[in-house]
Amino acid sequence: MHAWPLTDAASTVFPLTSRANVGEIFPDPITPLNASTGFFANLEKGWRDAYVATGAWDQDLYDAAVAHNPITVFGSYIYINMSLMRLFGVRVPGFTPEAVDLQYFGDMPGIPSYDSERRAFDENAAASEKAGAWLMGEVLGATDLAPFDEDRARVLAIRGDRPDLTALSDAEVAARITSFNDDLRHFFCQHIVASLAAGVGLGAVAQVCAAIGKPELSLTLVAGIGDVDSAGASRGMWILSRAARAAAEVTAAFDAGLDGLLGRLQDLDSVAGKAFCADLDAFLDDWDFRGQSEWEIRAETWRTEPEIALSMIARLRLVGDDEDPHVKNAARAAEREAAAAGIRTALAGHEALPQFEAALHAAALWVRARERQRTSTAMLIHELRLAALELGRRGVAAGALPDVKRIFMLFADELPAYTANPASFADTLAERERVYRELFDYIPPFVVAGQPAPYTEWERRDAHTAEALTAGDVLIGVSGCPGVARGRARIVLNPDEADDLEPGDVLVAPITDPSWTPLFAAASAVVVNVGAPFSHAAIVSRELGIPCVVSAIDATVRIPEGALLEVDGTTGTVRVLEI
């Protein structure tokens, strides 16, 4: 019998772990099936491969006394190993542990300093030489996204060749769930390599800006870069929202509310109504995998639950044409080019100019690569989701499961026994489901040094409080995208429940992932509890041209709903102007 919930033994060699940025796309908490195939098993292996691919160390560096190194799981919540991330910062020339903390973790307070865990073997000249060769050759020397385009082609081929799942036997459907492990390990490795390379590029740009006394330009220089996949869905939704505004019958269907909206749209008999439905269907086919926590195979997506996408289109159709993401991206791109031109003038004839150009090119290229690979991986994860859902539907039809999602309480190695006798797992899956739902009631510690307490001793979500801000108070975070905006605070805890978000409001969220992106077009600014300059909220804000503050601790609890805010994305501050 598998232990549940999942709890690893913490490494004593690399003891510091963090939840920073985990909620962007990682399962939260993770289900047994996704932990044992698909996400966790393959990400952990791929992340190990990625560090080795950079030359920073070899496989023998990892702590063999524990099951997992780069990521680990406590109480079925996933943690990133900060000790290893910082070690990467030590060994890559020009990078530092402090830069790692800022770029990837947001420099959140309460995190022990690197000096408190420094190991005798951390500095390694041979490894730094190899990492330096990777940096100069593969990071700064990269000219295109060919490897990531190849992976995109691979996953598109898999999607195109998807069999009729209903025609497969139970054993064949179950086998499909575990059939993509090699692909996923490779995809995850590529994603982490791109993430590491992008962080190095962003750090190099920041260093140049600081050296010439213009640190505020570091984020402007990586804004509006274009061709960022995580922003692609928002552009498609924008087009649909304009069509919804233009056709009276489509507008009327939306005006009647979200309940029954899809059916009303499908019942439209006009040319415009049928065209809208055809475009919507094509959009959902392209973005069928998109949804909150889309790397969790249990999560709903825009295709499995189309009402999620429709609710966002409903918000976007209220936004004026002047908020067009294409226009805002172009404006931000113009600011980026102007800032780059200014720095080129300041560095004319200086030996640092070629370094600046290389860093600027690398930062933009690798941010695109990271977002492309993240999207491709989400597409591949969706193939597991569809197969599992098919198996779950069969379990419900046979009376072995009370609902389709109960299938995700299986571990991968239990699939053969389950398909042979589904009813025999009823009690086991019911108990796992009970515990799984209970896990959502607890707040996992943000940073853990060593072994954490059992999850039942963690703070409960319904008991968490923080002092509310009043007029004149300032909440300090980290700059995600420069600029200043004012608007009313709208606290949104789930992108599917953003009905009160109006054009010009400040979106205040716990954290965001790609499924939140369409909401950005309606917001004047974005504020998130956790994150870093390299996190999703910051990257998309820079693409769409809206101020963003990340690492604003407890923003969703401390900022009163409806308060008038001034968000300064340049200084990383949120000021309450009035309640």
# chains A, B, ... in the order shown; residues from 1 in each chain; ligands from 1

$ residues_around --residues "Thr573 in chain A" --least-positions-apart "6" --cutoff "12 Å" --atoms "only C-alpha atoms" --output "number ranges by chain"
A: 473-485, 525-528, 547-553, 555, 565-567

$ select_by_dssp --residues "range 5-59 of chain A" --states "alpha helix (DSSP H)" --output "VMD selection string"
chain A and resid 32 to 36 40 to 53

$ residues_around --residues "range 201-209 of chain A" --least-positions-apart "2" --cutoff "7 Å" --atoms "only C-alpha atoms" --output "ChimeraX atom specification"
/A:99,197-199,211-215,217-218,356,359-360,362-363

$ write_last_selection --atoms "N, CA and C atoms" --output "mmCIF file, in the first residue's frame"
data_model
loop_
_atom_site.group_PDB
_atom_site.id
_atom_site.type_symbol
_atom_site.label_atom_id
_atom_site.label_comp_id
_atom_site.auth_asym_id
_atom_site.auth_seq_id
_atom_site.Cartn_x
_atom_site.Cartn_y
_atom_site.Cartn_z
ATOM 1 N N ALA A 99 21.497 36.611 -6.674
ATOM 2 C CA ALA A 99 20.770 36.852 -7.921
ATOM 3 C C ALA A 99 19.723 35.772 -8.149
ATOM 4 N N ALA A 197 18.546 29.398 -18.168
ATOM 5 C CA ALA A 197 19.188 30.299 -19.126
ATOM 6 C C ALA A 197 18.525 31.677 -19.108
ATOM 7 N N ALA A 198 17.196 31.703 -19.033
ATOM 8 C CA ALA A 198 16.486 32.988 -19.002
ATOM 9 C C ALA A 198 16.842 33.765 -17.750
ATOM 10 N N GLY A 199 16.936 33.062 -16.615
ATOM 11 C CA GLY A 199 17.316 33.741 -15.377
ATOM 12 C C GLY A 199 18.703 34.341 -15.453
ATOM 13 N N ALA A 211 25.288 48.753 -13.301
ATOM 14 C CA ALA A 211 26.651 49.277 -13.460
ATOM 15 C C ALA A 211 26.674 50.675 -14.046
ATOM 16 N N ILE A 212 25.671 51.026 -14.862
ATOM 17 C CA ILE A 212 25.646 52.369 -15.456
ATOM 18 C C ILE A 212 24.692 53.298 -14.719
ATOM 19 N N GLY A 213 24.214 52.843 -13.540
ATOM 20 C CA GLY A 213 23.354 53.690 -12.723
ATOM 21 C C GLY A 213 21.916 53.773 -13.196
ATOM 22 N N LYS A 214 21.466 52.776 -13.977
ATOM 23 C CA LYS A 214 20.087 52.773 -14.482
ATOM 24 C C LYS A 214 19.395 51.444 -14.136
ATOM 25 N N PRO A 215 19.368 51.057 -12.855
ATOM 26 C CA PRO A 215 18.784 49.763 -12.502
ATOM 27 C C PRO A 215 17.303 49.658 -12.842
ATOM 28 N N LEU A 217 15.886 50.332 -15.488
ATOM 29 C CA LEU A 217 15.648 49.964 -16.884
ATOM 30 C C LEU A 217 15.716 48.458 -17.135
ATOM 31 N N SER A 218 16.127 47.686 -16.129
ATOM 32 C CA SER A 218 16.372 46.261 -16.365
ATOM 33 C C SER A 218 15.114 45.524 -16.819
ATOM 34 N N PHE A 356 26.475 43.688 -23.202
ATOM 35 C CA PHE A 356 25.093 44.124 -23.053
ATOM 36 C C PHE A 356 24.229 43.571 -24.185
ATOM 37 N N ALA A 359 23.635 39.862 -23.666
ATOM 38 C CA ALA A 359 22.724 39.610 -22.551
ATOM 39 C C ALA A 359 21.289 39.961 -22.923
ATOM 40 N N LEU A 360 21.107 41.070 -23.620
ATOM 41 C CA LEU A 360 19.768 41.500 -24.010
ATOM 42 C C LEU A 360 19.136 40.487 -24.961
ATOM 43 N N ALA A 362 19.950 37.297 -25.268
ATOM 44 C CA ALA A 362 19.734 36.035 -24.571
ATOM 45 C C ALA A 362 18.511 36.097 -23.673
ATOM 46 N N ALA A 363 18.322 37.199 -22.967
ATOM 47 C CA ALA A 363 17.180 37.317 -22.058
ATOM 48 C C ALA A 363 15.873 37.163 -22.826
#

$ residues_around --residues "Ser83 in chain A" --least-positions-apart "5" --cutoff "9 Å" --atoms "only C-alpha atoms" --output "PyMOL selection string"
chain A and resi 13-17+70+88+114+117-118

$ closest_residue --among "A:His536, A:Arg317, A:Arg486, A:Arg298" --to "Leu33 in chain A" --atoms "only C-alpha atoms"
A:Arg298

$ closest_residue --among "A:Glu438, A:Glu307, A:Asp259, A:Asp324" --to "Trp238 in chain A" --atoms "only C-alpha atoms"
A:Asp324

$ residues_around --residues "range 34-36 of chain A" --least-positions-apart "6" --cutoff "7 Å" --atoms "only C-alpha atoms" --output "PDB file with C-alpha atoms, in the first residue's frame"
ATOM      1  CA  GLU A 296      -2.047  18.765 -12.677  1.00  0.00           C
ATOM      2  CA  ILE A 297      -3.861  16.145 -14.731  1.00  0.00           C
ATOM      3  CA  PHE A 411      -0.847   5.410  -8.319  1.00  0.00           C
ATOM      4  CA  ALA A 412       0.593   4.519 -11.726  1.00  0.00           C
TER       5      ALA A 412
END

$ closest_residue --among "A:Thr31, A:Arg315, A:Ser76, A:Val155" --to "Asp8 in chain A" --atoms "only C-alpha atoms"
A:Ser76

$ closest_residue --among "A:Val193, A:Leu439, A:Ala423, A:Ile71" --to "Val52 in chain A" --atoms "only C-alpha atoms"
A:Val193

$ atom_distance --atom1 "CA of Arg235 in chain A" --atom2 "CA of Pro325 in chain A"
6.6 Å

$ residues_around --residues "Gly399 in chain A" --least-positions-apart "5" --cutoff "10 Å" --atoms "only C-alpha atoms" --output "MDAnalysis selection string"
chainID A and resid 393:394 422:423 426

$ atom_distance --atom1 "CA of Leu268 in chain A" --atom2 "CA of Arg303 in chain A"
20.2 Å

$ residues_around --residues "Leu318 in chain A" --least-positions-apart "2" --cutoff "10 Å" --atoms "only C-alpha atoms" --output "list in words"
Ser241, Arg242, Ala244, Arg245, Ile313, Ala314, Arg315, Leu316, Gly320, Asp321, Glu502, Pro503 and Ala522 of chain A

$ atom_distance --atom1 "CA of Ser376 in chain A" --atom2 "CA of Pro514 in chain A"
12.5 Å

$ select_by_dssp --residues "range 338-514 of chain A" --states "strand (DSSP E)" --output "number ranges by chain"
A: 442-443, 447-449, 459-460, 474-476, 478-481, 484-491, 505-509
